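Peer 1: Data file model_23.cif (mmCIF, C-alpha atoms) is appended below.
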```
data_entry
#
loop_
_atom_site.label_atom_id
_atom_site.label_comp_id
_atom_site.auth_asym_id
_atom_site.auth_seq_id
_atom_site.Cartn_x
_atom_site.Cartn_y
_atom_site.Cartn_z
CA MET M 1 104.66 110.36 83.11
CA THR M 2 107.89 108.80 81.86
CA ASP M 3 110.74 108.70 84.32
CA HIS M 4 113.51 111.21 83.77
CA PRO M 5 116.54 109.38 82.27
CA ASN M 6 118.50 109.97 85.48
CA ALA M 7 115.66 108.46 87.51
CA ALA M 8 115.41 105.46 85.17
CA ALA M 9 119.18 104.84 85.34
CA THR M 10 119.17 105.15 89.13
CA ARG M 11 116.20 102.82 89.47
CA ALA M 12 118.07 100.25 87.35
CA ALA M 13 121.17 100.61 89.56
CA ILE M 14 119.11 100.18 92.75
CA GLU M 15 117.39 97.11 91.28
CA ALA M 16 120.82 95.70 90.40
CA PHE M 17 122.06 96.38 93.93
CA SER M 18 118.98 94.72 95.43
CA LYS M 19 119.78 91.57 93.42
CA GLY M 20 123.40 91.59 94.52
CA ASP M 21 124.61 92.64 91.06
CA VAL M 22 127.60 94.64 92.26
CA GLU M 23 129.06 95.10 88.77
CA SER M 24 126.05 97.02 87.44
CA MET M 25 125.92 99.05 90.64
CA ALA M 26 129.64 99.84 90.32
CA ALA M 27 129.19 100.87 86.68
CA ALA M 28 126.62 103.48 87.76
CA LEU M 29 129.06 105.19 90.17
CA ALA M 30 131.32 108.07 89.17
CA GLU M 31 135.02 107.47 89.91
CA ASP M 32 135.01 110.38 92.38
CA ALA M 33 131.69 109.40 94.00
CA VAL M 34 131.11 110.53 97.59
CA TRP M 35 128.72 108.66 99.87
CA HIS M 36 127.31 110.34 103.00
CA ILE M 37 125.98 107.66 105.33
CA PRO M 38 123.92 108.92 108.28
CA GLY M 39 123.93 107.84 111.88
CA SER M 40 126.56 106.96 114.42
CA ASN M 41 127.29 103.31 113.67
CA ARG M 42 130.58 101.78 112.56
CA PHE M 43 129.65 102.16 108.87
CA SER M 44 128.40 105.77 109.12
CA GLY M 45 130.40 108.62 107.70
CA GLU M 46 131.75 109.91 104.44
CA PHE M 47 133.20 107.59 101.84
CA ARG M 48 135.18 109.22 99.04
CA GLY M 49 135.87 107.53 95.72
CA LYS M 50 134.26 104.57 94.01
CA ALA M 51 136.66 102.12 95.70
CA ALA M 52 135.78 103.42 99.18
CA VAL M 53 132.04 103.31 98.44
CA LEU M 54 132.18 99.75 97.15
CA GLY M 55 134.63 98.79 99.91
CA ARG M 56 132.09 99.83 102.52
CA PHE M 57 129.49 97.47 101.04
CA GLN M 58 132.05 94.65 101.03
CA GLN M 59 133.05 95.37 104.63
CA MET M 60 129.44 95.36 105.73
CA GLY M 61 128.97 92.00 104.02
CA ALA M 62 132.09 90.64 105.69
CA ALA M 63 130.68 91.81 109.04
CA GLY M 64 127.51 89.79 108.42
CA LEU M 65 125.39 92.87 107.72
CA ARG M 66 122.99 93.04 104.85
CA THR M 67 120.95 95.87 103.38
CA SER M 68 117.75 94.52 101.82
CA ILE M 69 115.63 96.72 99.62
CA ASP M 70 112.09 95.66 100.49
CA GLU M 71 110.38 98.12 98.17
CA ILE M 72 111.39 100.75 95.66
CA HIS M 73 108.47 103.04 96.34
CA ASP M 74 109.34 105.70 93.78
CA VAL M 75 112.31 107.31 92.07
CA VAL M 76 112.03 110.97 91.15
CA GLY M 77 114.64 112.76 89.08
CA ASN M 78 115.62 115.84 87.17
CA ASP M 79 118.83 116.89 85.40
CA GLU M 80 120.84 117.28 88.61
CA HIS M 81 119.17 115.20 91.30
CA VAL M 82 117.57 111.87 91.80
CA VAL M 83 115.63 111.00 94.93
CA ALA M 84 114.71 107.38 95.62
CA LEU M 85 112.05 106.53 98.21
CA VAL M 86 112.77 103.01 99.42
CA LYS M 87 111.89 100.70 102.26
CA ILE M 88 114.95 98.95 103.60
CA SER M 89 115.90 96.38 106.20
CA ILE M 90 119.41 96.47 107.49
CA GLY M 91 121.48 94.61 110.01
CA PRO M 92 122.51 91.08 110.90
CA ALA M 93 120.06 88.38 109.78
CA GLU M 94 118.83 87.74 113.32
CA ALA M 95 118.01 91.36 114.15
CA THR M 96 117.25 93.70 111.28
CA ALA M 97 115.90 97.23 111.53
CA SER M 98 113.41 98.47 108.95
CA ALA M 99 113.14 102.04 107.79
CA ASN M 100 111.63 104.31 105.21
CA ALA M 101 114.71 105.68 103.54
CA VAL M 102 115.27 108.60 101.23
CA TRP M 103 118.32 108.42 99.03
CA VAL M 104 119.33 111.73 97.54
CA MET M 105 121.83 111.68 94.71
CA HIS M 106 123.64 114.25 92.67
CA VAL M 107 123.95 112.86 89.18
CA ALA M 108 126.35 114.04 86.49
CA ASP M 109 126.85 112.56 83.02
CA GLY M 110 124.53 109.71 83.90
CA LYS M 111 126.63 108.61 86.90
CA MET M 112 125.98 108.87 90.63
CA LEU M 113 128.34 111.51 91.93
CA GLU M 114 127.21 112.13 95.49
CA PHE M 115 124.80 110.29 97.74
CA TRP M 116 123.06 111.24 100.98
CA GLY M 117 121.01 108.66 102.85
CA LEU M 118 118.26 109.61 105.29
CA ASN M 119 116.39 107.04 107.38
CA ASP M 120 113.28 107.56 109.47
CA ASN M 121 114.51 105.01 111.99
CA GLN M 122 118.18 105.92 112.33
CA GLY M 123 118.49 105.22 116.05
CA GLU M 124 117.35 101.63 115.59
CA ILE M 125 119.65 101.14 112.60
CA ASP M 126 122.60 102.38 114.67
CA ARG M 127 121.64 99.96 117.42
CA VAL M 128 121.51 96.82 115.23
CA ILE M 129 124.69 97.68 113.30
CA GLY M 130 126.59 98.75 116.38
CA MET R 1 95.17 129.10 106.51
CA ASP R 2 92.76 128.93 103.57
CA THR R 3 95.71 128.15 101.32
CA LEU R 4 96.69 125.23 103.56
CA LYS R 5 93.11 123.97 103.53
CA GLU R 6 93.15 124.03 99.74
CA LEU R 7 96.48 122.21 99.53
CA LEU R 8 95.71 119.41 101.98
CA THR R 9 93.11 116.68 101.99
CA ASP R 10 90.96 116.72 105.15
CA ASP R 11 92.57 113.53 106.42
CA ALA R 12 96.15 114.37 105.39
CA VAL R 13 98.80 112.95 107.71
CA TRP R 14 102.00 114.72 108.68
CA HIS R 15 104.79 112.36 109.79
CA SER R 16 107.32 114.30 111.81
CA GLY R 17 110.50 112.20 111.93
CA GLY R 18 112.98 111.50 114.68
CA HIS R 19 112.51 110.88 118.40
CA SER R 20 111.95 114.33 119.83
CA PRO R 21 108.81 115.44 121.70
CA LEU R 22 107.56 116.78 118.34
CA SER R 23 108.06 113.51 116.47
CA GLY R 24 105.02 111.49 115.53
CA ASP R 25 101.99 111.48 113.29
CA TYR R 26 99.61 114.43 113.05
CA LYS R 27 96.33 113.90 111.24
CA GLY R 28 94.28 116.69 109.73
CA LEU R 29 94.86 120.41 109.61
CA GLY R 30 93.99 120.95 113.28
CA GLU R 31 96.68 118.62 114.59
CA MET R 32 99.19 120.00 112.09
CA LEU R 33 98.56 123.57 113.22
CA SER R 34 99.11 122.46 116.82
CA LEU R 35 102.45 121.00 115.74
CA PHE R 36 103.46 124.19 113.96
CA ALA R 37 102.49 126.22 117.03
CA ARG R 38 104.64 123.94 119.21
CA PHE R 39 107.58 124.41 116.82
CA PHE R 40 107.12 128.14 117.12
CA GLU R 41 106.98 127.97 120.92
CA LEU R 42 110.17 125.90 121.15
CA THR R 43 112.15 128.03 118.72
CA GLY R 44 110.73 131.45 119.42
CA GLY R 45 110.33 131.65 115.65
CA ASP R 46 114.03 130.98 114.99
CA MET R 47 113.40 128.55 112.13
CA SER R 48 114.35 128.94 108.50
CA GLN R 49 114.61 126.88 105.39
CA GLU R 50 116.71 127.37 102.31
CA LEU R 51 115.47 125.46 99.28
CA HIS R 52 118.05 123.40 97.43
CA ALA R 53 115.82 121.59 94.92
CA VAL R 54 112.26 120.47 94.31
CA LEU R 55 111.56 117.29 92.35
CA ALA R 56 108.23 115.81 91.46
CA ASP R 57 106.42 113.20 89.48
CA ASP R 58 102.74 112.23 89.32
CA GLU R 59 102.62 110.90 92.89
CA HIS R 60 105.36 112.56 94.89
CA ALA R 61 107.00 115.88 95.43
CA VAL R 62 110.37 115.93 97.16
CA VAL R 63 111.93 119.06 98.60
CA LEU R 64 115.65 119.16 99.44
CA LEU R 65 116.38 121.95 101.88
CA LYS R 66 118.78 123.34 104.41
CA GLN R 67 116.91 123.48 107.70
CA HIS R 68 117.82 125.78 110.57
CA ILE R 69 116.30 125.46 114.01
CA GLY R 70 117.41 127.66 116.88
CA ARG R 71 116.41 127.50 120.54
CA PRO R 72 116.43 130.42 122.97
CA ASP R 73 118.88 128.48 125.18
CA GLY R 74 121.47 128.42 122.40
CA ARG R 75 120.92 124.91 121.08
CA SER R 76 120.55 124.70 117.33
CA TYR R 77 120.31 122.38 114.39
CA ASP R 78 121.48 123.00 110.85
CA GLY R 79 121.12 120.13 108.45
CA ASN R 80 120.23 118.90 105.02
CA ASP R 81 116.64 117.74 105.40
CA VAL R 82 114.21 116.17 102.97
CA HIS R 83 110.47 116.70 102.82
CA VAL R 84 108.43 114.11 100.93
CA PHE R 85 104.83 114.77 99.90
CA HIS R 86 102.35 112.23 98.58
CA ILE R 87 100.01 113.98 96.20
CA ALA R 88 96.69 112.79 94.78
CA ASP R 89 94.32 114.87 92.67
CA GLY R 90 96.44 117.92 93.26
CA LYS R 91 96.26 117.70 97.07
CA VAL R 92 98.76 116.57 99.67
CA THR R 93 97.60 113.38 101.37
CA GLU R 94 100.71 112.64 103.37
CA PHE R 95 103.95 114.29 104.38
CA TRP R 96 107.20 112.90 105.77
CA GLY R 97 109.95 115.07 107.17
CA LEU R 98 113.36 113.40 107.40
CA SER R 99 116.38 114.95 109.00
CA GLY R 100 119.88 114.66 107.56
CA ASP R 101 121.15 114.22 111.13
CA GLU R 102 118.39 112.73 113.23
CA ALA R 103 120.36 112.64 116.48
CA ALA R 104 121.34 116.32 116.19
CA SER R 105 117.80 117.33 115.29
CA ASP R 106 116.39 115.35 118.23
CA ALA R 107 118.90 116.97 120.57
CA ALA R 108 117.95 120.47 119.45
CA LEU R 109 114.22 119.81 119.83
CA SER R 110 114.18 117.81 123.06
#
```
Output the file's structure as structure tokens, nothing else.
Peer 2:
Amino acid sequence: MTDHPNAAATRAAIEAFSKGDVESMAAALAEDAVWHIPGSNRFSGEFRGKAAVLGRFQQMGAAGLRTSIDEIHDVVGNDEHVVALVKISIGPAEATASANAVWVMHVADGKMLEFWGLNDNQGEIDRVIG
Amino acid sequence: MDTLKELLTDDAVWHSGGHSPLSGDYKGLGEMLSLFARFFELTGGDMSQELHAVLADDEHAVVLLKQHIGRPDGRSYDGNDVHVFHIADGKVTEFWGLSGDEAASDAALS
């Protein structure tokens, strides 16, 4: 089965992100994108607007925190939603937490409009990020 | 019950997320039914789900839903949860339930 165009575009954006290609990632975001980041760590919360979403990634990098995408397990999409099943490692290099993550996105006009992240190991992620 | 048997492989695994007493892996229909019974005991049946979307490809089905869990003592959880199913030959081999707010879900179920 061929991926839905929204799933294919999202997969490409995630692959770009995993390679540190921020420009391609940024191009996939809507200007009024909203990112809902789970948990209770210093980078959890709601980030409104492309600048705030990208700013969060930059701030995490500046804090010595890295999100590695260890596996893109699958990306499923339809006209409104894309869901990516990914394995991630997150945290400072010396103490990362791994999780099965589900990224749920609302997509409009081929751009990521809203994002919700869910992790199966949120408590540990909160602990390593602080 | 027969419907569940038809939908699941005999060795299907149900991964219940979070860190509550109900979290963990449940293998086979028998263990899953015990989990569902425990959910029912804890909530007194005050559980509901409102479907937001269902997406699928050849290997996975993903359900986006609003989950409500209520406890007789007044605690409750309302969140955007995701259910992920691995499917092979038309049967569910594995299930993961992820909570949109793990800490809140754990608190309501502990």
Peer 1: Apply the PyMOL selection byres ((chain M) within 9 of (chain R)) to the file shown and report the selected residues as number ranges by chain.
Peer 2: M: 1-3, 38-40, 74-78, 81-83, 85, 101-102, 104, 116-123
Peer 1: Please, what distance in Å, to one decimal, runs between atom CA of M:Arg48 and atom CA of M:Ala95?
Peer 2: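 Answer for the atom CA of M:Arg48 to atom CA of M:Ala95 separation: 29.0 Å.
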Peer 1: Considering all atoms listed in the file, return as a list in words whatever protein or nucleic-acid residues lie within 7 Å of R:Gln49, sequence-local ones (same chain, fewer than 2 positions apart) excluded.
Peer 2: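 Close residues of R:Gln49: Leu51, Leu65, Lys66, Gln67 and His68 of chain R.
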Peer 1: Please indicate the distance in Å from atom CA of R:Ser76 to atom CA of R:Phe36, rounded to one decimal place.
Peer 2: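 Going from atom CA of R:Ser76 over to atom CA of R:Phe36, I get 17.4 Å.
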Peer 1: Please measure the separation of atom CA of M:Phe47 and atom CA of M:His73, giving the value in Å to one decimal.
Peer 2: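 Going from atom CA of M:Phe47 over to atom CA of M:His73 covers 25.7 Å.
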Peer 1: Up to 8 Å from (113.8, 130.1, 115.2) in the file's coordinates: name the residues, counting all atoms listed in the file, as a PyMOL selection string.
Peer 2: chain R and resi 40+43-48+68-71
Peer 1: Put those residues in a file: C-alpha atoms, as an mmCIF file, in the coordinates of the input.
Peer 2:
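In the end it all went to selection_29.cif:
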```cif
data_model
loop_
_atom_site.group_PDB
_atom_site.id
_atom_site.type_symbol
_atom_site.label_atom_id
_atom_site.label_comp_id
_atom_site.auth_asym_id
_atom_site.auth_seq_id
_atom_site.Cartn_x
_atom_site.Cartn_y
_atom_site.Cartn_z
ATOM 1 C CA PHE R 40 107.120 128.140 117.120
ATOM 2 C CA THR R 43 112.150 128.030 118.720
ATOM 3 C CA GLY R 44 110.730 131.450 119.420
ATOM 4 C CA GLY R 45 110.330 131.650 115.650
ATOM 5 C CA ASP R 46 114.030 130.980 114.990
ATOM 6 C CA MET R 47 113.400 128.550 112.130
ATOM 7 C CA SER R 48 114.350 128.940 108.500
ATOM 8 C CA HIS R 68 117.820 125.780 110.570
ATOM 9 C CA ILE R 69 116.300 125.460 114.010
ATOM 10 C CA GLY R 70 117.410 127.660 116.880
ATOM 11 C CA ARG R 71 116.410 127.500 120.540
#
```
Peer 1: On this structure, which residues satisfy the PyMOL selection byres ((chain R and resi 94) around 10), written as a ChimeraX atom specification?
Peer 2: /R:8-9,11-15,26-28,60,84-88,91-93,95-96
Peer 1: Residues picked by the PyMOL selection byres ((chain M and resi 68) around 12) here, as a list in words?
Peer 2: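 Applied to this file, the PyMOL selection byres ((chain M and resi 68) around 12) selects Ile14, Glu15, Ala16, Phe17, Ser18, Lys19, Gly20, Gly61, Leu65, Arg66, Thr67, Ile69, Asp70, Glu71, Ile72, Val86, Lys87, Ile88, Ser89, Ile90, Gly91, Pro92, Ala93, Thr96, Ala97, Ser98, Ala99 and Ala101 of chain M.
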Peer 1: Within 6 Å of M:Asn41, counting only C-alpha atoms, which residues qualify if same-chain residues fewer than 3 places away don't, as a list in words?
Peer 2: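 That gives Ser44, Asp126 and Gly130 of chain M.
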Peer 1: For each of R:Leu29, R:Leu42, R:Asp10, R:Thr3, take the minimum atom-to-atom distance to R:Ser110, counting all atoms listed in the file, then give the residue where this is smallest.
Peer 2: R:Leu42
Peer 1: Mind working out the centre and edge lengths of an axis-aligned box for stretch 68-71 of chain R, all listed atoms inside, 6 Å added to each side, rounded to one decimal in Å and written as JSON?
Peer 2:
```
{"center_x": 117.1, "center_y": 126.6, "center_z": 115.6, "size_x": 13.5, "size_y": 14.2, "size_z": 22.0}
```
